[in-house]
file data.pdb (PDB, C-alpha atoms)
MODEL        1
ATOM      1  CA  MET A1409      17.324 -11.880 -16.937
ATOM      2  CA  ALA A1410      17.191 -12.401 -20.677
ATOM      3  CA  ASN A1411      14.039 -14.465 -20.137
ATOM      4  CA  ILE A1412      12.058 -11.761 -18.324
ATOM      5  CA  ASP A1413       9.243 -10.301 -20.380
ATOM      6  CA  TRP A1414       8.928  -6.930 -18.643
ATOM      7  CA  ASN A1415       5.623  -6.202 -20.357
ATOM      8  CA  ALA A1416       4.068  -9.450 -19.158
ATOM      9  CA  LEU A1417       4.930  -9.188 -15.452
ATOM     10  CA  GLY A1418       2.073  -9.492 -12.981
ATOM     11  CA  PHE A1419       1.912  -8.468  -9.339
ATOM     12  CA  GLY A1420       3.662 -11.500  -7.871
ATOM     13  CA  TYR A1421       6.939 -12.679  -6.405
ATOM     14  CA  CYS A1422       9.961 -13.053  -8.666
ATOM     15  CA  LYS A1423      13.288 -14.145  -7.204
ATOM     16  CA  THR A1424      15.960 -11.451  -7.194
ATOM     17  CA  ASP A1425      19.616 -11.544  -6.170
ATOM     18  CA  PHE A1426      19.710 -10.216  -2.602
ATOM     19  CA  ASN A1427      17.701  -9.176   0.433
ATOM     20  CA  VAL A1428      18.868  -7.389   3.577
ATOM     21  CA  ARG A1429      18.143  -8.145   7.221
ATOM     22  CA  TYR A1430      18.460  -6.705  10.708
ATOM     23  CA  SER A1431      18.055  -8.811  13.858
ATOM     24  CA  PHE A1432      17.105  -7.454  17.273
ATOM     25  CA  ALA A1433      18.344  -9.544  20.221
ATOM     26  CA  ASP A1434      19.698  -8.875  23.709
ATOM     27  CA  GLY A1435      18.208  -5.395  23.639
ATOM     28  CA  LYS A1436      19.946  -4.084  20.514
ATOM     29  CA  TRP A1437      19.881  -4.144  16.738
ATOM     30  CA  GLY A1438      22.637  -5.996  14.929
ATOM     31  CA  GLU A1439      24.420  -4.822  11.803
ATOM     32  CA  MET A1440      22.797  -5.037   8.387
ATOM     33  CA  GLU A1441      23.202  -8.473   6.805
ATOM     34  CA  VAL A1442      23.071  -8.974   3.039
ATOM     35  CA  THR A1443      22.102 -12.444   1.812
ATOM     36  CA  ASP A1444      20.884 -14.287  -1.256
ATOM     37  CA  ASP A1445      18.888 -16.715   0.912
ATOM     38  CA  GLU A1446      15.116 -16.500   0.351
ATOM     39  CA  TYR A1447      14.314 -18.428   3.516
ATOM     40  CA  ILE A1448      14.384 -17.704   7.233
ATOM     41  CA  LYS A1449      14.880 -20.134  10.090
ATOM     42  CA  ILE A1450      12.233 -19.552  12.697
ATOM     43  CA  HIS A1451      11.200 -21.475  15.804
ATOM     44  CA  MET A1452       7.791 -23.153  15.694
ATOM     45  CA  SER A1453       6.832 -21.334  18.899
ATOM     46  CA  SER A1454       7.784 -17.853  17.682
ATOM     47  CA  TYR A1455       5.277 -15.197  18.711
ATOM     48  CA  CYS A1456       4.738 -14.018  15.123
ATOM     49  CA  LEU A1457       3.355 -17.420  14.141
ATOM     50  CA  HIS A1458       0.928 -17.682  17.032
ATOM     51  CA  TYR A1459      -0.170 -14.165  17.889
ATOM     52  CA  GLY A1460       0.129 -12.189  14.658
ATOM     53  CA  ILE A1461       3.061 -10.076  15.819
ATOM     54  CA  GLU A1462       4.010  -9.180  12.254
ATOM     55  CA  LEU A1463       3.950  -6.078  10.079
ATOM     56  CA  PHE A1464       4.952  -5.051   6.577
ATOM     57  CA  GLU A1465       5.313  -2.172   4.131
ATOM     58  CA  GLY A1466       5.179  -1.740   0.373
ATOM     59  CA  LEU A1467       6.914   0.813  -1.840
ATOM     60  CA  LYS A1468       8.360   1.053  -5.326
ATOM     61  CA  ALA A1469      11.488   2.033  -7.219
ATOM     62  CA  PHE A1470      11.144   3.339 -10.781
ATOM     63  CA  ARG A1471      13.584   3.619 -13.652
ATOM     64  CA  GLY A1472      12.953   7.071 -15.032
ATOM     65  CA  VAL A1473      12.913   8.578 -18.479
ATOM     66  CA  ASP A1474      16.450   9.823 -17.742
ATOM     67  CA  GLY A1475      17.688   6.338 -16.792
ATOM     68  CA  LYS A1476      17.923   7.181 -13.082
ATOM     69  CA  VAL A1477      16.367   4.887 -10.472
ATOM     70  CA  ARG A1478      14.067   6.578  -7.951
ATOM     71  CA  LEU A1479      12.596   5.312  -4.685
ATOM     72  CA  PHE A1480       9.249   6.943  -3.976
ATOM     73  CA  ARG A1481       8.740   8.470  -0.507
ATOM     74  CA  VAL A1482      10.820   5.860   1.302
ATOM     75  CA  GLU A1483      11.047   7.998   4.456
ATOM     76  CA  GLU A1484       7.251   8.003   4.747
ATOM     77  CA  ASN A1485       7.164   4.212   4.556
ATOM     78  CA  ALA A1486       9.882   4.078   7.215
ATOM     79  CA  LYS A1487       7.832   6.293   9.555
ATOM     80  CA  ARG A1488       4.717   4.197   9.003
ATOM     81  CA  LEU A1489       6.692   1.029   9.721
ATOM     82  CA  GLN A1490       7.773   2.601  12.997
ATOM     83  CA  SER A1491       4.115   3.277  13.886
ATOM     84  CA  SER A1492       3.218  -0.343  13.191
ATOM     85  CA  ALA A1493       6.122  -1.581  15.318
ATOM     86  CA  GLU A1494       5.091   0.651  18.208
ATOM     87  CA  ARG A1495       1.508  -0.595  17.982
ATOM     88  CA  LEU A1496       2.655  -4.232  18.188
ATOM     89  CA  CYS A1497       5.157  -3.497  20.979
ATOM     90  CA  LEU A1498       8.035  -4.569  18.734
ATOM     91  CA  PRO A1499      11.530  -3.046  18.809
ATOM     92  CA  VAL A1500      11.364   0.093  16.675
ATOM     93  CA  PRO A1501      14.041   0.439  13.979
ATOM     94  CA  THR A1502      15.258   3.922  13.103
ATOM     95  CA  VAL A1503      14.157   5.674   9.923
ATOM     96  CA  ASP A1504      17.792   5.685   8.833
ATOM     97  CA  MET A1505      18.026   1.886   9.208
ATOM     98  CA  ILE A1506      14.936   1.313   7.095
ATOM     99  CA  VAL A1507      15.923   3.805   4.399
ATOM    100  CA  LYS A1508      19.450   2.389   4.164
ATOM    101  CA  ALA A1509      18.045  -1.134   3.850
ATOM    102  CA  CYS A1510      15.709  -0.100   1.027
ATOM    103  CA  VAL A1511      18.455   1.755  -0.841
ATOM    104  CA  GLU A1512      20.800  -1.216  -0.434
ATOM    105  CA  VAL A1513      18.190  -3.623  -1.785
ATOM    106  CA  VAL A1514      17.664  -1.490  -4.881
ATOM    107  CA  LYS A1515      21.402  -1.153  -5.500
ATOM    108  CA  ARG A1516      22.039  -4.876  -5.034
ATOM    109  CA  ASN A1517      19.172  -5.771  -7.372
ATOM    110  CA  GLU A1518      19.557  -2.971  -9.910
ATOM    111  CA  ARG A1519      19.361  -5.371 -12.837
ATOM    112  CA  PHE A1520      15.802  -6.219 -11.785
ATOM    113  CA  VAL A1521      14.570  -2.611 -12.023
ATOM    114  CA  PRO A1522      12.400  -2.789 -15.164
ATOM    115  CA  PRO A1523      13.252  -0.609 -18.169
ATOM    116  CA  TYR A1524      11.501   2.717 -18.612
ATOM    117  CA  GLY A1525       8.475   2.514 -20.857
ATOM    118  CA  THR A1526       7.284  -0.930 -19.772
ATOM    119  CA  GLY A1527       5.014   0.401 -17.036
ATOM    120  CA  ALA A1528       6.728  -2.034 -14.658
ATOM    121  CA  SER A1529       8.605  -1.172 -11.464
ATOM    122  CA  LEU A1530      10.586  -2.732  -8.623
ATOM    123  CA  TYR A1531       8.381  -3.437  -5.611
ATOM    124  CA  LEU A1532      10.032  -3.425  -2.166
ATOM    125  CA  ARG A1533       8.587  -5.330   0.766
ATOM    126  CA  PRO A1534       9.956  -4.487   4.225
ATOM    127  CA  VAL A1535       8.558  -7.065   6.656
ATOM    128  CA  MET A1536       9.125  -7.533  10.386
ATOM    129  CA  PHE A1537       8.474 -10.506  12.657
ATOM    130  CA  GLY A1538       8.400 -10.957  16.413
ATOM    131  CA  THR A1539      10.773 -13.902  16.889
ATOM    132  CA  SER A1540      10.771 -14.480  20.655
ATOM    133  CA  VAL A1541       9.923 -18.069  21.608
ATOM    134  CA  GLY A1542       7.237 -18.846  24.156
ATOM    135  CA  LEU A1543       3.600 -19.695  24.795
ATOM    136  CA  GLY A1544       2.206 -16.728  26.686
ATOM    137  CA  VAL A1545       0.614 -13.755  24.955
ATOM    138  CA  LYS A1546       3.062 -10.910  25.475
ATOM    139  CA  PRO A1547       5.345  -8.591  23.464
ATOM    140  CA  SER A1548       8.237 -10.110  21.567
ATOM    141  CA  ASP A1549      11.650  -9.035  22.853
ATOM    142  CA  ASP A1550      13.374 -10.266  19.695
ATOM    143  CA  ALA A1551      12.632  -9.330  16.102
ATOM    144  CA  LEU A1552      13.725  -9.792  12.515
ATOM    145  CA  LEU A1553      13.414  -7.034   9.912
ATOM    146  CA  ILE A1554      13.829  -8.036   6.257
ATOM    147  CA  VAL A1555      13.665  -5.922   3.104
ATOM    148  CA  TYR A1556      13.371  -7.776  -0.202
ATOM    149  CA  CYS A1557      12.148  -6.863  -3.674
ATOM    150  CA  SER A1558      10.488  -8.176  -6.798
ATOM    151  CA  PRO A1559       9.874  -6.640 -10.232
ATOM    152  CA  VAL A1560       6.151  -6.170 -10.832
ATOM    153  CA  GLY A1561       4.181  -5.292 -13.912
ATOM    154  CA  ALA A1562       1.859  -2.426 -14.692
ATOM    155  CA  TYR A1563      -1.303  -2.805 -12.608
ATOM    156  CA  PHE A1564      -3.557  -2.009 -15.563
ATOM    157  CA  LYS A1565      -2.329  -4.103 -18.496
ATOM    158  CA  THR A1566      -4.690  -2.524 -21.001
ATOM    159  CA  GLY A1567      -4.684   0.945 -19.512
ATOM    160  CA  ILE A1568      -6.313   2.438 -16.438
ATOM    161  CA  LYS A1569     -10.027   1.662 -16.359
ATOM    162  CA  PRO A1570     -12.911   1.754 -13.864
ATOM    163  CA  MET A1571     -13.697  -1.292 -11.737
ATOM    164  CA  PRO A1572     -16.927  -2.612 -10.173
ATOM    165  CA  VAL A1573     -16.945  -2.887  -6.373
ATOM    166  CA  VAL A1574     -19.389  -3.922  -3.664
ATOM    167  CA  ILE A1575     -20.308  -2.676  -0.226
ATOM    168  CA  ASP A1576     -20.341  -5.586   2.204
ATOM    169  CA  ARG A1577     -21.908  -4.812   5.580
ATOM    170  CA  ASP A1578     -21.524  -8.385   6.821
ATOM    171  CA  GLN A1579     -17.742  -8.120   7.268
ATOM    172  CA  ASP A1580     -15.614  -5.476   9.008
ATOM    173  CA  ARG A1581     -12.038  -4.786   7.977
ATOM    174  CA  ALA A1582     -10.948  -3.427  11.355
ATOM    175  CA  ALA A1583     -12.439  -2.867  14.782
ATOM    176  CA  PRO A1584     -12.854   0.606  16.278
ATOM    177  CA  ARG A1585      -9.655   1.515  18.139
ATOM    178  CA  GLY A1586      -8.063  -1.644  16.733
ATOM    179  CA  THR A1587      -5.153  -1.980  14.308
ATOM    180  CA  GLY A1588      -6.779  -0.565  11.174
ATOM    181  CA  ASP A1589      -4.462   2.451  11.113
ATOM    182  CA  VAL A1590      -1.250   0.388  11.037
ATOM    183  CA  LYS A1591       0.006  -2.049   8.412
ATOM    184  CA  VAL A1592      -0.190  -5.417  10.145
ATOM    185  CA  GLY A1593      -0.977  -8.768   8.558
ATOM    186  CA  GLY A1594      -4.113  -9.402  10.594
ATOM    187  CA  ASN A1595      -5.946  -6.549   8.884
ATOM    188  CA  TYR A1596      -5.532  -8.252   5.536
ATOM    189  CA  ALA A1597      -6.415 -11.714   6.834
ATOM    190  CA  ALA A1598      -9.701 -10.225   8.063
ATOM    191  CA  SER A1599     -10.555  -9.023   4.545
ATOM    192  CA  LEU A1600     -10.100 -12.343   2.728
ATOM    193  CA  LEU A1601     -13.583 -13.775   3.197
ATOM    194  CA  SER A1602     -15.453 -10.729   1.912
ATOM    195  CA  GLY A1603     -12.908 -10.271  -0.878
ATOM    196  CA  GLU A1604     -13.379 -13.825  -2.129
ATOM    197  CA  ARG A1605     -17.129 -13.455  -1.947
ATOM    198  CA  ALA A1606     -16.968 -10.295  -4.061
ATOM    199  CA  HIS A1607     -14.650 -11.872  -6.647
ATOM    200  CA  LYS A1608     -16.989 -14.836  -7.097
ATOM    201  CA  MET A1609     -19.768 -12.359  -7.838
ATOM    202  CA  GLY A1610     -17.655 -10.637 -10.481
ATOM    203  CA  TYR A1611     -16.569  -7.590  -8.490
ATOM    204  CA  SER A1612     -13.015  -6.342  -8.181
ATOM    205  CA  ASN A1613     -13.019  -5.043  -4.634
ATOM    206  CA  VAL A1614     -14.960  -4.406  -1.434
ATOM    207  CA  ILE A1615     -15.826  -1.102   0.198
ATOM    208  CA  TYR A1616     -15.785  -1.457   3.968
ATOM    209  CA  LEU A1617     -17.866   0.692   6.281
ATOM    210  CA  ASP A1618     -17.084   1.766   9.822
ATOM    211  CA  ALA A1619     -17.462  -1.110  12.251
ATOM    212  CA  ALA A1620     -19.334   0.916  14.872
ATOM    213  CA  GLU A1621     -22.357   2.169  12.904
ATOM    214  CA  HIS A1622     -21.939   0.756   9.395
ATOM    215  CA  LYS A1623     -22.807   4.195   8.029
ATOM    216  CA  TYR A1624     -19.516   5.691   6.860
ATOM    217  CA  ILE A1625     -17.074   4.648   4.136
ATOM    218  CA  GLU A1626     -13.678   3.547   5.393
ATOM    219  CA  GLU A1627     -11.464   1.673   2.910
ATOM    220  CA  CYS A1628     -11.734   0.137  -0.543
ATOM    221  CA  GLY A1629     -10.146  -3.274  -0.097
ATOM    222  CA  ALA A1630      -6.495  -2.624   0.713
ATOM    223  CA  CYS A1631      -6.756   0.933  -0.664
ATOM    224  CA  ASN A1632      -7.844   4.312   0.657
ATOM    225  CA  PHE A1633     -11.073   5.649  -0.863
ATOM    226  CA  PHE A1634     -11.524   9.066  -2.450
ATOM    227  CA  GLY A1635     -14.377  10.911  -4.134
ATOM    228  CA  ILE A1636     -14.461  13.922  -6.445
ATOM    229  CA  LYS A1637     -17.268  16.474  -6.580
ATOM    230  CA  ASP A1638     -17.783  20.236  -6.775
ATOM    231  CA  GLY A1639     -14.072  20.908  -7.177
ATOM    232  CA  LYS A1640     -13.212  18.879  -4.068
ATOM    233  CA  TYR A1641     -11.038  15.833  -3.356
ATOM    234  CA  ILE A1642     -12.750  14.059  -0.450
ATOM    235  CA  THR A1643     -11.308  11.140   1.481
ATOM    236  CA  PRO A1644     -12.465   9.377   4.686
ATOM    237  CA  LYS A1645     -11.210  10.516   8.062
ATOM    238  CA  SER A1646     -11.250   7.673  10.561
ATOM    239  CA  PRO A1647      -8.929   6.279  13.246
ATOM    240  CA  SER A1648      -9.383   2.865  11.584
ATOM    241  CA  VAL A1649      -8.074   3.877   8.131
ATOM    242  CA  LEU A1650      -4.464   3.198   7.171
ATOM    243  CA  PRO A1651      -2.717   6.501   6.296
ATOM    244  CA  SER A1652      -1.915   5.829   2.639
ATOM    245  CA  ILE A1653       1.264   7.444   1.353
ATOM    246  CA  THR A1654      -0.242   7.478  -2.135
ATOM    247  CA  ASN A1655      -3.348   9.246  -0.806
ATOM    248  CA  LYS A1656      -1.159  11.752   1.005
ATOM    249  CA  SER A1657       0.620  12.480  -2.282
ATOM    250  CA  LEU A1658      -2.625  12.746  -4.238
ATOM    251  CA  ARG A1659      -4.030  15.221  -1.736
ATOM    252  CA  GLN A1660      -1.042  17.475  -2.337
ATOM    253  CA  LEU A1661      -1.388  17.138  -6.111
ATOM    254  CA  ALA A1662      -5.112  17.865  -5.829
ATOM    255  CA  CYS A1663      -4.255  21.126  -4.078
ATOM    256  CA  ASP A1664      -1.819  21.925  -6.903
ATOM    257  CA  MET A1665      -4.710  21.452  -9.345
ATOM    258  CA  GLY A1666      -6.853  23.931  -7.423
ATOM    259  CA  LEU A1667      -9.062  21.359  -5.737
ATOM    260  CA  GLU A1668     -10.219  21.762  -2.169
ATOM    261  CA  VAL A1669      -9.159  18.765  -0.053
ATOM    262  CA  GLU A1670     -11.489  17.417   2.618
ATOM    263  CA  ASP A1671     -10.568  14.695   5.104
ATOM    264  CA  ARG A1672     -13.869  13.818   6.764
ATOM    265  CA  ARG A1673     -16.461  11.154   7.376
ATOM    266  CA  ILE A1674     -18.267  10.102   4.191
ATOM    267  CA  PRO A1675     -21.743   8.621   4.693
ATOM    268  CA  VAL A1676     -22.924   5.985   2.223
ATOM    269  CA  GLU A1677     -25.796   8.298   1.294
ATOM    270  CA  GLU A1678     -23.270  10.707  -0.234
ATOM    271  CA  LEU A1679     -22.145   8.216  -2.901
ATOM    272  CA  PRO A1680     -24.714   9.315  -5.534
ATOM    273  CA  THR A1681     -23.364  12.872  -5.389
ATOM    274  CA  PHE A1682     -19.802  12.016  -6.445
ATOM    275  CA  GLU A1683     -18.732  12.775 -10.000
ATOM    276  CA  GLU A1684     -15.790  10.348  -9.715
ATOM    277  CA  CYS A1685     -14.448   8.024  -7.055
ATOM    278  CA  GLY A1686     -11.788   5.384  -6.648
ATOM    279  CA  GLY A1687      -9.243   3.611  -4.506
ATOM    280  CA  CYS A1688      -5.614   4.638  -4.231
ATOM    281  CA  GLY A1689      -2.478   2.800  -3.133
ATOM    282  CA  THR A1690       1.040   1.726  -4.026
ATOM    283  CA  ALA A1691       0.126  -1.049  -6.473
ATOM    284  CA  ALA A1692      -2.198   0.813  -8.840
ATOM    285  CA  VAL A1693      -1.745   4.470  -7.781
ATOM    286  CA  ILE A1694      -5.431   5.014  -8.618
ATOM    287  CA  SER A1695      -8.083   2.353  -9.215
ATOM    288  CA  PRO A1696     -11.116   4.240 -10.583
ATOM    289  CA  ILE A1697     -14.540   2.937  -9.588
ATOM    290  CA  GLY A1698     -17.136   2.545 -12.312
ATOM    291  CA  LYS A1699     -19.935   1.004 -10.261
ATOM    292  CA  ILE A1700     -20.736   0.342  -6.597
ATOM    293  CA  PHE A1701     -23.287  -2.291  -5.620
ATOM    294  CA  ASP A1702     -24.586  -2.487  -2.061
ATOM    295  CA  LEU A1703     -25.072  -6.173  -1.269
ATOM    296  CA  GLN A1704     -27.529  -5.540   1.542
ATOM    297  CA  THR A1705     -29.710  -2.740   0.129
ATOM    298  CA  ASN A1706     -29.335  -3.591  -3.590
ATOM    299  CA  ASP A1707     -28.585   0.069  -4.323
ATOM    300  CA  VAL A1708     -26.366   0.676  -7.368
ATOM    301  CA  TYR A1709     -24.203   3.759  -7.896
ATOM    302  CA  GLU A1710     -22.875   4.321 -11.426
ATOM    303  CA  TYR A1711     -19.874   6.479 -12.380
ATOM    304  CA  GLY A1712     -19.369   5.518 -16.014
ATOM    305  CA  ASP A1713     -17.090   3.304 -18.074
ATOM    306  CA  GLU A1714     -14.426   5.952 -18.659
ATOM    307  CA  VAL A1715     -11.811   7.222 -16.216
ATOM    308  CA  GLY A1716     -12.820  10.590 -14.794
ATOM    309  CA  LYS A1717     -10.906  13.670 -15.891
ATOM    310  CA  VAL A1718      -9.684  14.554 -12.400
ATOM    311  CA  SER A1719      -8.676  10.986 -11.529
ATOM    312  CA  LEU A1720      -6.731  10.631 -14.763
ATOM    313  CA  GLU A1721      -4.884  13.907 -14.247
ATOM    314  CA  LEU A1722      -3.979  12.963 -10.658
ATOM    315  CA  TYR A1723      -2.752   9.566 -11.848
ATOM    316  CA  THR A1724      -0.682  11.126 -14.623
ATOM    317  CA  ARG A1725       0.852  13.791 -12.396
ATOM    318  CA  LEU A1726       1.967  11.273  -9.797
ATOM    319  CA  GLN A1727       3.375   8.850 -12.375
ATOM    320  CA  ASP A1728       5.222  11.739 -14.049
ATOM    321  CA  ILE A1729       7.034  12.446 -10.790
ATOM    322  CA  GLN A1730       7.775   8.769 -10.131
ATOM    323  CA  TYR A1731       9.245   8.265 -13.611
ATOM    324  CA  GLY A1732      11.156  11.557 -13.680
ATOM    325  CA  ARG A1733       8.990  13.147 -16.367
ATOM    326  CA  ALA A1734       8.075  16.083 -14.128
ATOM    327  CA  GLU A1735       9.851  18.177 -11.516
ATOM    328  CA  ASP A1736       9.882  16.591  -8.065
ATOM    329  CA  LYS A1737       9.325  19.885  -6.287
ATOM    330  CA  TYR A1738       8.353  18.216  -3.007
ATOM    331  CA  GLY A1739      11.441  16.010  -2.822
ATOM    332  CA  TRP A1740       9.394  12.816  -2.771
ATOM    333  CA  CYS A1741      11.899  10.710  -4.700
ATOM    334  CA  THR A1742      15.251   9.394  -3.514
ATOM    335  CA  ILE A1743      17.603   8.920  -6.464
ATOM    336  CA  VAL A1744      19.422   5.659  -5.800
ATOM    337  CA  MET A1745      21.560   5.543  -8.934
TER     338      MET A1745
ENDMDL
END
call {"tool": "encode", "arguments": {"input": "data.pdb", "output": "structure tokens"}}
result
Amino acid sequence: MANIDWNALGFGYCKTDFNVRYSFADGKWGEMEVTDDEYIKIHMSSYCLHYGIELFEGLKAFRGVDGKVRLFRVEENAKRLQSSAERLCLPVPTVDMIVKACVEVVKRNERFVPPYGTGASLYLRPVMFGTSVGLGVKPSDDALLIVYCSPVGAYFKTGIKPMPVVIDRDQDRAAPRGTGDVKVGGNYAASLLSGERAHKMGYSNVIYLDAAEHKYIEECGACNFFGIKDGKYITPKSPSVLPSITNKSLRQLACDMGLEVEDRRIPVEELPTFEECGGCGTAAVISPIGKIFDLQTNDVYEYGDEVGKVSLELYTRLQDIQYGRAEDKYGWCTIVM
């Protein structure tokens, strides 16, 4: 621990002391197991390895200005994990099981919660695998749920700043009526090719359009998209978009600021009318967009080199709640210790 430079942490895996696990076998969940083992023993013919029967979540714990450690909206992550499990026909853990596992992981690894003021936090990764053994394509009767954690650094090392992104019409993130609205690994595997292509061109992320018509904005990489204009916070409404817990929180904060919130389809042609836009998610909270380049049409949409006023206030308000600098009037945080 003495060797950890909290200010230099990136967004990567760092070994901590313990993780917790639940196994589902013979039609029931076992008791919570606490272990320091980073590895799992899994059969080479497990369904998760062959058919993508796997899901995950991501959430954070913060050490606040008052020294208390807060988990942010853990119940919402638990409910979303349940939705993913249902979609993959996996055994569905209870919200209480998931919340208890997350709280236990934070308590057992308290010394890895970064100090207040570093901008760093403790990232939790609940992950679930279908562990039945076989060859046929069918639901997995057995499952393994693990919750582990890793300290991660501030997403923006030099302060929040706008990023350049591209629209790529050659790749789709998710199929209509597919698994885009749940947090399963296959969605992210599908985004790798376009993401790598964008990075090689010097862009930070990819805006994906709807797979049916390629006319409407869906997601910004692994983030939800939002736009600001005319006193409105506008975000895409689509059955293929993952319901972001960060976006849900920002919509509430936008209402608090007097903004009108619209969940609706956003055509590409509307991009020039936005005053600000960005992506939002657990890792960065808000990733402002400075420029959008359409790879196919060569259209360029510019939003400036400075973070927009509304985006910055939303970012600050949410971080203030997470770090205990502002009243948590919605009860979003679970105080662990």
call {"tool": "atom_distance", "arguments": {"input": "data.pdb", "atom1": "atom CA of Val1592 of chain A", "atom2": "atom CA of Pro1499 of chain A"}}
result
14.8 Å
call {"tool": "closest_atom_pairs", "arguments": {"input": "data.pdb", "of": "segment 1481-1592 of chain A", "to": "segment 1726-1745 of chain A", "cutoff": "12 Å", "atoms": "only C-alpha atoms", "output": "Markdown table"}}
result
| residue | atom | partner | partner_atom | distance |
| --- | --- | --- | --- | --- |
| A:Arg1481 | CA | A:Trp1740 | CA | 4.9 |
| A:Val1482 | CA | A:Thr1742 | CA | 7.4 |
| A:Glu1483 | CA | A:Trp1740 | CA | 8.8 |
| A:Glu1484 | CA | A:Trp1740 | CA | 9.2 |
| A:Asn1485 | CA | A:Trp1740 | CA | 11.5 |
| A:Val1507 | CA | A:Thr1742 | CA | 9.7 |
| A:Lys1508 | CA | A:Val1744 | CA | 10.5 |
| A:Ala1509 | CA | A:Val1744 | CA | 11.9 |
| A:Cys1510 | CA | A:Val1744 | CA | 9.7 |
| A:Val1511 | CA | A:Val1744 | CA | 6.4 |
| A:Glu1512 | CA | A:Val1744 | CA | 8.8 |
| A:Val1513 | CA | A:Val1744 | CA | 10.2 |
| A:Val1514 | CA | A:Val1744 | CA | 7.4 |
| A:Lys1515 | CA | A:Val1744 | CA | 7.1 |
| A:Arg1516 | CA | A:Val1744 | CA | 10.9 |
| A:Asn1517 | CA | A:Val1744 | CA | 11.5 |
| A:Glu1518 | CA | A:Met1745 | CA | 8.8 |
| A:Arg1519 | CA | A:Met1745 | CA | 11.8 |
| A:Val1521 | CA | A:Met1745 | CA | 11.2 |
| A:Pro1522 | CA | A:Tyr1731 | CA | 11.6 |
| A:Pro1523 | CA | A:Tyr1731 | CA | 10.8 |
| A:Tyr1524 | CA | A:Tyr1731 | CA | 7.8 |
| A:Gly1525 | CA | A:Tyr1731 | CA | 9.3 |
| A:Thr1526 | CA | A:Tyr1731 | CA | 11.2 |
| A:Gly1527 | CA | A:Tyr1731 | CA | 9.6 |
| A:Ala1528 | CA | A:Tyr1731 | CA | 10.7 |
| A:Ser1529 | CA | A:Tyr1731 | CA | 9.7 |
| A:Leu1530 | CA | A:Gln1730 | CA | 11.9 |
| A:Ala1562 | CA | A:Gln1727 | CA | 11.6 |
call {"tool": "atom_distance", "arguments": {"input": "data.pdb", "atom1": "atom CA of Asp1580 of chain A", "atom2": "atom CA of Ala1619 of chain A"}}
result
5.7 Å
call {"tool": "atom_distance", "arguments": {"input": "data.pdb", "atom1": "atom CA of Met1571 of chain A", "atom2": "atom CA of Ile1642 of chain A"}}
result
19.1 Å
call {"tool": "residues_around", "arguments": {"input": "data.pdb", "residues": "segment 1664-1672 of chain A", "least_positions_apart": "3", "cutoff": "6 Å", "atoms": "only C-alpha atoms", "output": "PDB file with C-alpha atoms, in the coordinates of the input"}}
result
ATOM      1  CA  GLY A1639     -14.072  20.908  -7.177  1.00  0.00           C
ATOM      2  CA  LYS A1640     -13.212  18.879  -4.068  1.00  0.00           C
ATOM      3  CA  TYR A1641     -11.038  15.833  -3.356  1.00  0.00           C
ATOM      4  CA  ILE A1642     -12.750  14.059  -0.450  1.00  0.00           C
ATOM      5  CA  THR A1643     -11.308  11.140   1.481  1.00  0.00           C
ATOM      6  CA  PRO A1644     -12.465   9.377   4.686  1.00  0.00           C
ATOM      7  CA  LYS A1645     -11.210  10.516   8.062  1.00  0.00           C
ATOM      8  CA  LEU A1661      -1.388  17.138  -6.111  1.00  0.00           C
TER       9      LEU A1661
END
call {"tool": "resolve_selection", "arguments": {"input": "data.pdb", "expression": "the PyMOL selection byres ((chain A and resi 1537) around 9)", "output": "count of residues only"}}
result
20
call {"tool": "residues_around", "arguments": {"input": "data.pdb", "residues": "Gly1466 of chain A", "least_positions_apart": "6", "cutoff": "9 Å", "atoms": "all atoms listed in the file", "output": "MDAnalysis selection string"}}
result
chainID A and resid 1485 1531:1535 1690:1691
call {"tool": "resolve_selection", "arguments": {"input": "data.pdb", "expression": "the PyMOL selection byres ((chain A and resi 1591) around 12)", "output": "ChimeraX atom specification"}}
result
/A:1460-1466,1485-1496,1533-1536,1582,1586-1590,1592-1597,1630-1631,1648-1653
call {"tool": "residues_around", "arguments": {"input": "data.pdb", "residues": "Tyr1563 of chain A", "least_positions_apart": "2", "cutoff": "9 Å", "atoms": "all atoms listed in the file", "output": "compact mmCIF listing (two decimals) with C-alpha atoms, in the coordinates of the input"}}
result
# COMPACT_ATOMS: atom_id res chain seq x y z
CA GLY A 1418 2.07 -9.49 -12.98
CA PHE A 1419 1.91 -8.47 -9.34
CA GLY A 1527 5.01 0.40 -17.04
CA ALA A 1528 6.73 -2.03 -14.66
CA VAL A 1560 6.15 -6.17 -10.83
CA GLY A 1561 4.18 -5.29 -13.91
CA LYS A 1565 -2.33 -4.10 -18.50
CA GLY A 1567 -4.68 0.94 -19.51
CA ILE A 1568 -6.31 2.44 -16.44
CA ALA A 1691 0.13 -1.05 -6.47
CA ALA A 1692 -2.20 0.81 -8.84
CA VAL A 1693 -1.74 4.47 -7.78
call {"tool": "residues_around", "arguments": {"input": "data.pdb", "residues": "Tyr1709 of chain A", "least_positions_apart": "2", "cutoff": "8 Å", "atoms": "only C-alpha atoms", "output": "ChimeraX atom specification"}}
result
/A:1679-1680,1699-1701,1707,1711
call {"tool": "resolve_selection", "arguments": {"input": "data.pdb", "expression": "the PyMOL selection byres ((chain A and resi 1579) around 8)", "output": "ChimeraX atom specification"}}
result
/A:1576-1578,1580-1581,1599,1602,1616
call {"tool": "write_last_selection", "arguments": {"input": "data.pdb", "atoms": "C-alpha atoms", "output": "mmCIF file, in the coordinates of the input"}}
result
data_model
loop_
_atom_site.group_PDB
_atom_site.id
_atom_site.type_symbol
_atom_site.label_atom_id
_atom_site.label_comp_id
_atom_site.auth_asym_id
_atom_site.auth_seq_id
_atom_site.Cartn_x
_atom_site.Cartn_y
_atom_site.Cartn_z
ATOM 1 C CA ASP A 1576 -20.341 -5.586 2.204
ATOM 2 C CA ARG A 1577 -21.908 -4.812 5.580
ATOM 3 C CA ASP A 1578 -21.524 -8.385 6.821
ATOM 4 C CA ASP A 1580 -15.614 -5.476 9.008
ATOM 5 C CA ARG A 1581 -12.038 -4.786 7.977
ATOM 6 C CA SER A 1599 -10.555 -9.023 4.545
ATOM 7 C CA SER A 1602 -15.453 -10.729 1.912
ATOM 8 C CA TYR A 1616 -15.785 -1.457 3.968
#
